[in-house]
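Student: Provided herewith is a single structure, encoded as structure tokens, for subsequent inquiry.
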Amino acid sequence: MTSRSNLTKQSISAVKWSAFGNIARYGLQLGAQIVLARLLGSANYGLFALGLTVLGFSNMLANFGLAWGLVQAQDLSEQDIRFVFTWQLVSGLIAALGLYLLAPTIAAFFNDVRLESIVEWLSLASVISSATAPASNLLRRKLDFKSINIIEVSSYSIGYIAIGVPLAYGNCQCSCRLDG
């Protein structure tokens, strides 16, 4: 009976932390996107949005689902985890290489040469995303949504709020001085 009670408590905690994490992320995203859109202007924000689209697609390719097996496996060994990590990393490297090589084609498709270097740099995110997928899914397996959501909210805050917004502001200030 205590095992079932413990699972119930873990499940309730997981739901609460997932709800908190989603609300916090969506709030941060909304705020950051509004600020970035204002600072970057429509042309640069459009590049940013295209970059996010490419990033989302490449992450989907890099994380094709092998790491999800870690959540579902009945018995899990260290060898299983190493196997999944290795193949996730290989898939991330393949997705990154493909994205990097397709950068000129993607830029041509959207008729903006500036997009090429953006896509090339964002290809690295496929490797990072695929490398972190096994660890994230091991946390999901443990129903440790508290850690997952703290990491996700913190990384979004650091990446977009602490780094992205000041860089966009600096870009805006630099552009304003050049225009003025």
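Residues are named by chain letter and number: chains run A, B, ... in the order of the structure tokens, numbers start at 1 in each chain, and ligands are numbered from 1 in the order shown.
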Excluding Ala73 (chain A) and any residue of its chain fewer than 5 positions from it, enumerate the residues within 12 Å of it, using only C-alpha atoms, and give them as a list in words.

Tutor: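 Using only C-alpha atoms, the neighbours found are Leu66, Ala67, Trp68, Asp80, Ile81, Val84, Asn137, Leu138 and Arg141 of chain A.
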
Student: Could you turn the residues from that selection into a file that holds C-alpha atoms, as a CSV table (one decimal), in the first residue's frame?

Tutor:
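Final output, result_30.csv:
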```csv
chain,number,residue,atom,x,y,z
A,66,LEU,CA,15.1,6.6,-29.1
A,67,ALA,CA,15.4,8.4,-25.7
A,68,TRP,CA,11.7,7.9,-25.0
A,80,ASP,CA,20.9,0.6,-22.2
A,81,ILE,CA,21.5,4.3,-21.1
A,84,VAL,CA,20.6,5.4,-26.2
A,137,ASN,CA,13.8,11.2,-20.1
A,138,LEU,CA,15.5,9.5,-17.1
A,141,ARG,CA,11.0,8.1,-15.7
```

Student: Would you mind reading off the distance between CA of Ala131 (chain A) and CA of Gly46 (chain A), one decimal, in Å?

Tutor: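 A separation of 28.5 Å between them.
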
Student: I need the residues of region 55-167 of chain A that end up classed as alpha helix (DSSP H) by DSSP on the backbone, written out as JSON, numbers by chain.

Tutor: {"A": [55, 56, 57, 58, 59, 60, 61, 62, 69, 70, 71, 72, 78, 79, 80, 81, 82, 83, 84, 85, 86, 87, 88, 89, 90, 91, 92, 93, 94, 95, 96, 97, 98, 99, 100, 101, 102, 103, 104, 105, 106, 107, 108, 109, 114, 115, 116, 117, 118, 119, 120, 121, 122, 123, 124, 125, 126, 127, 128, 129, 130, 131, 132, 133, 134, 135, 136, 137, 138, 139, 140, 141, 145, 146, 147, 148, 149, 150, 151, 152, 153, 154, 155, 156, 165, 166, 167]}

Student: Hey, can you spit out that residue selection with C-alpha atoms as a short mmCIF file (atom, residue, chain, number, x, y, z; two decimals), in the first residue's frame?

Tutor:
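selection_28.cif, freshly written:
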```
data_model
loop_
_atom_site.label_atom_id
_atom_site.label_comp_id
_atom_site.auth_asym_id
_atom_site.auth_seq_id
_atom_site.Cartn_x
_atom_site.Cartn_y
_atom_site.Cartn_z
CA LEU A 55 15.39 24.95 -34.73
CA GLY A 56 12.12 23.26 -33.82
CA PHE A 57 12.23 21.12 -36.96
CA SER A 58 15.86 20.14 -36.44
CA ASN A 59 15.20 19.21 -32.79
CA MET A 60 12.35 17.01 -33.92
CA LEU A 61 14.74 15.20 -36.30
CA ALA A 62 17.54 14.96 -33.74
CA GLY A 69 12.42 4.22 -24.67
CA LEU A 70 14.21 5.07 -21.43
CA VAL A 71 10.91 6.16 -19.93
CA GLN A 72 9.00 3.10 -21.08
CA GLU A 78 23.61 1.33 -17.54
CA GLN A 79 24.43 -0.26 -20.90
CA ASP A 80 20.94 0.65 -22.18
CA ILE A 81 21.45 4.26 -21.13
CA ARG A 82 24.87 4.42 -22.82
CA PHE A 83 23.46 2.88 -25.99
CA VAL A 84 20.62 5.41 -26.16
CA PHE A 85 22.93 8.33 -25.37
CA THR A 86 25.36 7.28 -28.12
CA TRP A 87 22.68 6.91 -30.78
CA GLN A 88 20.91 10.10 -29.73
CA LEU A 89 24.21 11.93 -30.10
CA VAL A 90 24.80 10.33 -33.51
CA SER A 91 21.32 11.34 -34.66
CA GLY A 92 21.91 14.88 -33.37
CA LEU A 93 25.21 15.11 -35.24
CA ILE A 94 23.56 13.85 -38.45
CA ALA A 95 20.71 16.36 -38.06
CA ALA A 96 23.22 19.16 -37.36
CA LEU A 97 25.33 18.25 -40.38
CA GLY A 98 22.25 18.05 -42.59
CA LEU A 99 20.98 21.38 -41.34
CA TYR A 100 24.39 22.99 -41.78
CA LEU A 101 24.66 21.70 -45.35
CA LEU A 102 21.09 22.79 -46.13
CA ALA A 103 21.61 26.32 -44.74
CA PRO A 104 22.23 27.89 -48.19
CA THR A 105 19.14 26.16 -49.60
CA ILE A 106 16.99 27.26 -46.66
CA ALA A 107 18.26 30.84 -47.02
CA ALA A 108 17.52 30.75 -50.76
CA PHE A 109 14.04 29.34 -50.14
CA ARG A 114 21.27 36.47 -43.65
CA LEU A 115 19.38 33.31 -42.73
CA GLU A 116 22.25 31.09 -43.89
CA SER A 117 24.59 31.89 -41.01
CA ILE A 118 21.70 31.78 -38.53
CA VAL A 119 20.78 28.25 -39.64
CA GLU A 120 24.43 27.18 -39.58
CA TRP A 121 24.81 28.31 -35.97
CA LEU A 122 21.44 26.87 -34.93
CA SER A 123 22.50 23.48 -36.28
CA LEU A 124 24.60 23.13 -33.12
CA ALA A 125 21.39 23.12 -31.10
CA SER A 126 20.49 19.74 -32.63
CA VAL A 127 23.57 18.22 -31.02
CA ILE A 128 22.85 19.81 -27.65
CA SER A 129 19.19 18.80 -27.74
CA SER A 130 19.94 15.20 -28.67
CA ALA A 131 22.66 14.95 -26.01
CA THR A 132 20.29 16.12 -23.27
CA ALA A 133 17.31 13.94 -24.30
CA PRO A 134 18.39 10.79 -22.42
CA ALA A 135 18.94 12.68 -19.15
CA SER A 136 15.59 14.45 -19.49
CA ASN A 137 13.81 11.19 -20.08
CA LEU A 138 15.53 9.53 -17.14
CA LEU A 139 14.12 12.36 -15.00
CA ARG A 140 10.69 11.74 -16.53
CA ARG A 141 11.05 8.05 -15.70
CA PHE A 145 9.18 16.97 -13.06
CA LYS A 146 10.37 19.45 -10.47
CA SER A 147 13.97 19.18 -11.74
CA ILE A 148 12.87 19.14 -15.39
CA ASN A 149 10.81 22.30 -15.03
CA ILE A 150 13.37 24.16 -12.94
CA ILE A 151 16.00 23.38 -15.59
CA GLU A 152 13.72 24.36 -18.48
CA VAL A 153 12.50 27.61 -16.90
CA SER A 154 16.04 28.52 -15.81
CA SER A 155 17.56 27.79 -19.21
CA TYR A 156 14.84 29.78 -20.98
CA VAL A 165 17.07 40.59 -24.64
CA PRO A 166 20.30 42.47 -23.75
CA LEU A 167 21.83 41.46 -27.10
#
```

Student: Excluding same-chain residues fewer than 3 positions from Leu39 (chain A), what lies within 12 Å of it counting only C-alpha atoms, as a list in words?

Tutor: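 Those residues are Ala32, Gln33, Ile34, Val35, Leu36, Ser42, Ala43, Asn44, Tyr45, Phe48, Gly164, Val165, Pro166, Leu167, Ala168, Tyr169, Gly170, Asn171, Cys172, Gln173, Cys174, Ser175 and Cys176 of chain A.
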
Student: In Å, how far is it from CA of Leu50 (chain A) to CA of Phe110 (chain A)?

Tutor: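 Result for CA of Leu50 (chain A) versus CA of Phe110 (chain A): 8.8 Å, one decimal.
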